[in-house]
$ cat entry_0.cif   # mmCIF, N, CA and C atoms
data_work
loop_
_atom_site.label_atom_id
_atom_site.label_comp_id
_atom_site.auth_asym_id
_atom_site.auth_seq_id
_atom_site.Cartn_x
_atom_site.Cartn_y
_atom_site.Cartn_z
N MET A 1 26.18 -0.35 -41.43
CA MET A 1 27.48 -0.93 -41.11
C MET A 1 27.97 -0.34 -39.80
N THR A 2 28.49 -1.19 -38.92
CA THR A 2 29.02 -0.70 -37.66
C THR A 2 30.46 -0.24 -37.85
N LYS A 3 30.90 0.61 -36.95
CA LYS A 3 32.24 1.19 -37.06
C LYS A 3 32.88 1.20 -35.68
N VAL A 4 34.16 0.92 -35.62
CA VAL A 4 34.91 0.96 -34.37
C VAL A 4 35.62 2.31 -34.30
N THR A 5 35.40 3.01 -33.21
CA THR A 5 36.08 4.28 -32.98
C THR A 5 36.98 4.11 -31.77
N ARG A 6 38.25 4.36 -31.92
CA ARG A 6 39.20 4.21 -30.83
C ARG A 6 39.11 5.42 -29.90
N LEU A 7 39.03 5.13 -28.61
CA LEU A 7 38.95 6.17 -27.60
C LEU A 7 40.23 6.21 -26.77
N LYS A 8 40.45 7.31 -26.08
CA LYS A 8 41.58 7.38 -25.17
C LYS A 8 41.31 6.47 -23.97
N ALA A 9 42.38 5.98 -23.39
CA ALA A 9 42.25 5.11 -22.21
C ALA A 9 41.64 5.91 -21.06
N VAL A 10 40.76 5.26 -20.32
CA VAL A 10 40.14 5.89 -19.17
C VAL A 10 40.32 5.00 -17.95
N THR A 11 40.19 5.60 -16.79
CA THR A 11 40.26 4.85 -15.55
C THR A 11 38.89 4.29 -15.23
N CYS A 12 38.84 3.03 -14.84
CA CYS A 12 37.58 2.39 -14.50
C CYS A 12 37.15 2.77 -13.09
N THR A 13 35.86 2.97 -12.94
CA THR A 13 35.32 3.21 -11.61
C THR A 13 35.13 1.87 -10.91
N ASP A 14 34.83 1.91 -9.62
CA ASP A 14 34.60 0.67 -8.88
C ASP A 14 33.43 -0.12 -9.46
N SER A 15 32.39 0.58 -9.89
CA SER A 15 31.24 -0.12 -10.47
C SER A 15 31.61 -0.74 -11.82
N ASP A 16 32.47 -0.07 -12.60
CA ASP A 16 32.96 -0.64 -13.86
C ASP A 16 33.74 -1.92 -13.59
N LEU A 17 34.61 -1.88 -12.59
CA LEU A 17 35.41 -3.05 -12.24
C LEU A 17 34.52 -4.20 -11.77
N LYS A 18 33.47 -3.89 -11.03
CA LYS A 18 32.53 -4.91 -10.57
C LYS A 18 31.83 -5.55 -11.77
N GLU A 19 31.40 -4.73 -12.72
CA GLU A 19 30.73 -5.26 -13.91
C GLU A 19 31.68 -6.10 -14.76
N LEU A 20 32.93 -5.67 -14.89
CA LEU A 20 33.92 -6.46 -15.62
C LEU A 20 34.17 -7.80 -14.92
N ASN A 21 34.28 -7.75 -13.61
CA ASN A 21 34.48 -8.97 -12.84
C ASN A 21 33.28 -9.91 -13.00
N ASP A 22 32.08 -9.35 -12.98
CA ASP A 22 30.87 -10.15 -13.19
C ASP A 22 30.86 -10.78 -14.58
N ALA A 23 31.31 -10.03 -15.58
CA ALA A 23 31.35 -10.54 -16.96
C ALA A 23 32.34 -11.69 -17.07
N ILE A 24 33.51 -11.55 -16.45
CA ILE A 24 34.50 -12.62 -16.45
C ILE A 24 33.92 -13.84 -15.77
N ASP A 25 33.28 -13.64 -14.64
CA ASP A 25 32.68 -14.75 -13.90
C ASP A 25 31.61 -15.44 -14.74
N TYR A 26 30.77 -14.66 -15.37
CA TYR A 26 29.68 -15.21 -16.19
C TYR A 26 30.22 -16.03 -17.36
N LEU A 27 31.15 -15.46 -18.11
CA LEU A 27 31.64 -16.11 -19.31
C LEU A 27 32.65 -17.21 -19.03
N PHE A 28 33.56 -16.96 -18.10
CA PHE A 28 34.67 -17.88 -17.88
C PHE A 28 34.34 -18.95 -16.84
N THR A 29 33.94 -18.54 -15.68
CA THR A 29 33.72 -19.47 -14.58
C THR A 29 32.56 -20.41 -14.85
N HIS A 30 31.49 -19.92 -15.44
CA HIS A 30 30.31 -20.73 -15.67
C HIS A 30 30.36 -21.52 -16.98
N GLY A 31 31.47 -21.38 -17.71
CA GLY A 31 31.68 -22.21 -18.89
C GLY A 31 30.89 -21.83 -20.13
N PHE A 32 30.41 -20.61 -20.22
CA PHE A 32 29.64 -20.22 -21.39
C PHE A 32 30.50 -20.09 -22.65
N ILE A 33 31.80 -19.97 -22.48
CA ILE A 33 32.69 -19.87 -23.64
C ILE A 33 32.65 -21.17 -24.45
N GLU A 34 32.55 -22.30 -23.76
CA GLU A 34 32.53 -23.59 -24.46
C GLU A 34 31.30 -23.73 -25.36
N GLU A 35 30.24 -22.98 -25.08
CA GLU A 35 29.01 -23.06 -25.86
C GLU A 35 29.06 -22.21 -27.13
N MET A 36 30.09 -21.40 -27.27
CA MET A 36 30.18 -20.48 -28.42
C MET A 36 30.78 -21.19 -29.63
N THR A 37 30.47 -20.67 -30.82
CA THR A 37 31.12 -21.16 -32.03
C THR A 37 32.59 -20.76 -31.98
N SER A 38 33.40 -21.38 -32.81
CA SER A 38 34.84 -21.17 -32.71
C SER A 38 35.26 -19.71 -32.93
N ASP A 39 34.65 -19.02 -33.88
CA ASP A 39 35.01 -17.61 -34.11
C ASP A 39 34.66 -16.75 -32.91
N LYS A 40 33.44 -16.92 -32.39
CA LYS A 40 33.03 -16.15 -31.22
C LYS A 40 33.92 -16.46 -30.03
N ARG A 41 34.20 -17.74 -29.83
CA ARG A 41 35.04 -18.16 -28.71
C ARG A 41 36.42 -17.52 -28.80
N TYR A 42 36.99 -17.48 -30.00
CA TYR A 42 38.32 -16.91 -30.20
C TYR A 42 38.35 -15.44 -29.77
N TYR A 43 37.40 -14.66 -30.26
CA TYR A 43 37.42 -13.22 -29.96
C TYR A 43 37.04 -12.92 -28.52
N VAL A 44 36.10 -13.64 -27.96
CA VAL A 44 35.73 -13.44 -26.56
C VAL A 44 36.90 -13.83 -25.66
N THR A 45 37.61 -14.89 -26.04
CA THR A 45 38.79 -15.31 -25.27
C THR A 45 39.84 -14.21 -25.26
N LYS A 46 40.09 -13.59 -26.40
CA LYS A 46 41.06 -12.49 -26.47
C LYS A 46 40.65 -11.32 -25.58
N LEU A 47 39.36 -10.97 -25.62
CA LEU A 47 38.87 -9.88 -24.77
C LEU A 47 38.99 -10.24 -23.28
N LEU A 48 38.64 -11.47 -22.94
CA LEU A 48 38.75 -11.92 -21.55
C LEU A 48 40.19 -11.90 -21.07
N GLU A 49 41.10 -12.41 -21.88
CA GLU A 49 42.51 -12.45 -21.49
C GLU A 49 43.06 -11.05 -21.27
N HIS A 50 42.74 -10.13 -22.16
CA HIS A 50 43.23 -8.76 -22.01
C HIS A 50 42.62 -8.09 -20.76
N THR A 51 41.32 -8.25 -20.59
CA THR A 51 40.65 -7.65 -19.43
C THR A 51 41.19 -8.23 -18.14
N ALA A 52 41.36 -9.54 -18.08
CA ALA A 52 41.89 -10.18 -16.88
C ALA A 52 43.30 -9.70 -16.59
N LYS A 53 44.12 -9.59 -17.61
CA LYS A 53 45.49 -9.11 -17.42
C LYS A 53 45.49 -7.69 -16.87
N THR A 54 44.64 -6.85 -17.43
CA THR A 54 44.53 -5.46 -16.97
C THR A 54 44.09 -5.38 -15.51
N MET A 55 43.21 -6.32 -15.12
CA MET A 55 42.67 -6.33 -13.76
C MET A 55 43.50 -7.19 -12.80
N ASN A 56 44.66 -7.69 -13.29
CA ASN A 56 45.55 -8.51 -12.50
C ASN A 56 44.86 -9.80 -12.02
N ILE A 57 44.14 -10.44 -12.95
CA ILE A 57 43.45 -11.70 -12.68
C ILE A 57 44.09 -12.76 -13.56
N LYS A 58 44.41 -13.91 -12.97
CA LYS A 58 44.96 -15.02 -13.76
C LYS A 58 43.83 -15.97 -14.10
N LEU A 59 43.62 -16.16 -15.39
CA LEU A 59 42.63 -17.12 -15.86
C LEU A 59 43.32 -18.46 -16.04
N ILE A 60 42.78 -19.50 -15.44
CA ILE A 60 43.36 -20.84 -15.59
C ILE A 60 42.41 -21.64 -16.47
N TRP A 61 42.81 -21.83 -17.71
CA TRP A 61 42.02 -22.55 -18.69
C TRP A 61 42.12 -24.04 -18.42
N ARG A 62 41.13 -24.79 -18.78
CA ARG A 62 41.11 -26.23 -18.55
C ARG A 62 42.26 -26.94 -19.24
N ASN A 63 42.71 -26.43 -20.38
CA ASN A 63 43.81 -27.07 -21.10
C ASN A 63 45.17 -26.52 -20.71
N ASP A 64 45.26 -25.66 -19.68
CA ASP A 64 46.54 -25.13 -19.21
C ASP A 64 47.18 -26.07 -18.22
#
$ encode --input "entry_0.cif" --output "structure tokens"
Amino acid sequence: MTKVTRLKAVTCTDSDLKELNDAIDYLFTHGFIEEMTSDKRYYVTKLLEHTAKTMNIKLIWRND
């Protein structure tokens, strides 16, 4: 069984920010979210929205 352990907040390095930006680009810009099942899409969307907000990125969804 997997377990979630909460960690203290840390500051992202430039390479971390680049990888996060690449992940947003991969999942959001290229439309891979639409290919996910509804449960996966829901949780990935929440992670993307939080990450984008933290990085001061506005995601414009097709239905917005």
$ atom_distance --input "entry_0.cif" --atom1 "atom N of A:Leu48" --atom2 "atom N of A:Met1"
24.9 Å
$ select_by_dssp --input "entry_0.cif" --residues "chain A" --states "helix (DSSP H, G or I)" --output "PyMOL selection string"
chain A and resi 14-29+32-35+38-54
$ resolve_selection --input "entry_0.cif" --expression "the PyMOL selection byres (((chain A and resi 60 and name CA) around 12) and name CA)" --output "VMD selection string"
chain A and resid 28 to 29 48 to 49 52 57 to 59 61 to 64
$ atom_distance --input "entry_0.cif" --atom1 "atom C of A:Arg6" --atom2 "atom N of A:Arg41"
23.7 Å
$ closest_residue --input "entry_0.cif" --among "A:Lys8, A:Lys46, A:Met55, A:Thr37" --to "A:Leu20" --atoms "only C-alpha atoms"
A:Met55
$ atom_distance --input "entry_0.cif" --atom1 "atom N of A:Thr13" --atom2 "atom C of A:Thr54"
12.0 Å
$ build_atoms --input "entry_0.cif" --residues "stretch 2-14 of chain A" --atoms "N, CA, C and O atoms" --output "PDB file, in the coordinates of the input"
ATOM      1  N   THR A   2      28.490  -1.190 -38.920  1.00  0.00           N
ATOM      2  CA  THR A   2      29.020  -0.700 -37.660  1.00  0.00           C
ATOM      3  C   THR A   2      30.460  -0.240 -37.850  1.00  0.00           C
ATOM      4  O   THR A   2      31.141  -0.647 -38.789  1.00  0.00           O
ATOM      5  N   LYS A   3      30.900   0.610 -36.950  1.00  0.00           N
ATOM      6  CA  LYS A   3      32.240   1.190 -37.060  1.00  0.00           C
ATOM      7  C   LYS A   3      32.880   1.200 -35.680  1.00  0.00           C
ATOM      8  O   LYS A   3      32.205   1.455 -34.685  1.00  0.00           O
ATOM      9  N   VAL A   4      34.160   0.920 -35.620  1.00  0.00           N
ATOM     10  CA  VAL A   4      34.910   0.960 -34.370  1.00  0.00           C
ATOM     11  C   VAL A   4      35.620   2.310 -34.300  1.00  0.00           C
ATOM     12  O   VAL A   4      36.332   2.694 -35.225  1.00  0.00           O
ATOM     13  N   THR A   5      35.400   3.010 -33.210  1.00  0.00           N
ATOM     14  CA  THR A   5      36.080   4.280 -32.980  1.00  0.00           C
ATOM     15  C   THR A   5      36.980   4.110 -31.770  1.00  0.00           C
ATOM     16  O   THR A   5      36.529   3.704 -30.699  1.00  0.00           O
ATOM     17  N   ARG A   6      38.250   4.360 -31.920  1.00  0.00           N
ATOM     18  CA  ARG A   6      39.200   4.210 -30.830  1.00  0.00           C
ATOM     19  C   ARG A   6      39.110   5.420 -29.900  1.00  0.00           C
ATOM     20  O   ARG A   6      39.099   6.559 -30.336  1.00  0.00           O
ATOM     21  N   LEU A   7      39.030   5.130 -28.610  1.00  0.00           N
ATOM     22  CA  LEU A   7      38.950   6.170 -27.600  1.00  0.00           C
ATOM     23  C   LEU A   7      40.230   6.210 -26.770  1.00  0.00           C
ATOM     24  O   LEU A   7      40.972   5.229 -26.739  1.00  0.00           O
ATOM     25  N   LYS A   8      40.450   7.310 -26.080  1.00  0.00           N
ATOM     26  CA  LYS A   8      41.580   7.380 -25.170  1.00  0.00           C
ATOM     27  C   LYS A   8      41.310   6.470 -23.970  1.00  0.00           C
ATOM     28  O   LYS A   8      40.164   6.228 -23.609  1.00  0.00           O
ATOM     29  N   ALA A   9      42.380   5.980 -23.390  1.00  0.00           N
ATOM     30  CA  ALA A   9      42.250   5.110 -22.210  1.00  0.00           C
ATOM     31  C   ALA A   9      41.640   5.910 -21.060  1.00  0.00           C
ATOM     32  O   ALA A   9      41.925   7.095 -20.884  1.00  0.00           O
ATOM     33  N   VAL A  10      40.760   5.260 -20.320  1.00  0.00           N
ATOM     34  CA  VAL A  10      40.140   5.890 -19.170  1.00  0.00           C
ATOM     35  C   VAL A  10      40.320   5.000 -17.950  1.00  0.00           C
ATOM     36  O   VAL A  10      40.557   3.800 -18.073  1.00  0.00           O
ATOM     37  N   THR A  11      40.190   5.600 -16.790  1.00  0.00           N
ATOM     38  CA  THR A  11      40.260   4.850 -15.550  1.00  0.00           C
ATOM     39  C   THR A  11      38.890   4.290 -15.230  1.00  0.00           C
ATOM     40  O   THR A  11      37.884   4.979 -15.336  1.00  0.00           O
ATOM     41  N   CYS A  12      38.840   3.030 -14.840  1.00  0.00           N
ATOM     42  CA  CYS A  12      37.580   2.390 -14.500  1.00  0.00           C
ATOM     43  C   CYS A  12      37.150   2.770 -13.090  1.00  0.00           C
ATOM     44  O   CYS A  12      37.975   2.858 -12.180  1.00  0.00           O
ATOM     45  N   THR A  13      35.860   2.970 -12.940  1.00  0.00           N
ATOM     46  CA  THR A  13      35.320   3.210 -11.610  1.00  0.00           C
ATOM     47  C   THR A  13      35.130   1.870 -10.910  1.00  0.00           C
ATOM     48  O   THR A  13      35.235   0.810 -11.532  1.00  0.00           O
ATOM     49  N   ASP A  14      34.830   1.910  -9.620  1.00  0.00           N
ATOM     50  CA  ASP A  14      34.600   0.670  -8.880  1.00  0.00           C
ATOM     51  C   ASP A  14      33.430  -0.120  -9.460  1.00  0.00           C
ATOM     52  O   ASP A  14      33.470  -1.346  -9.536  1.00  0.00           O
TER      53      ASP A  14
END
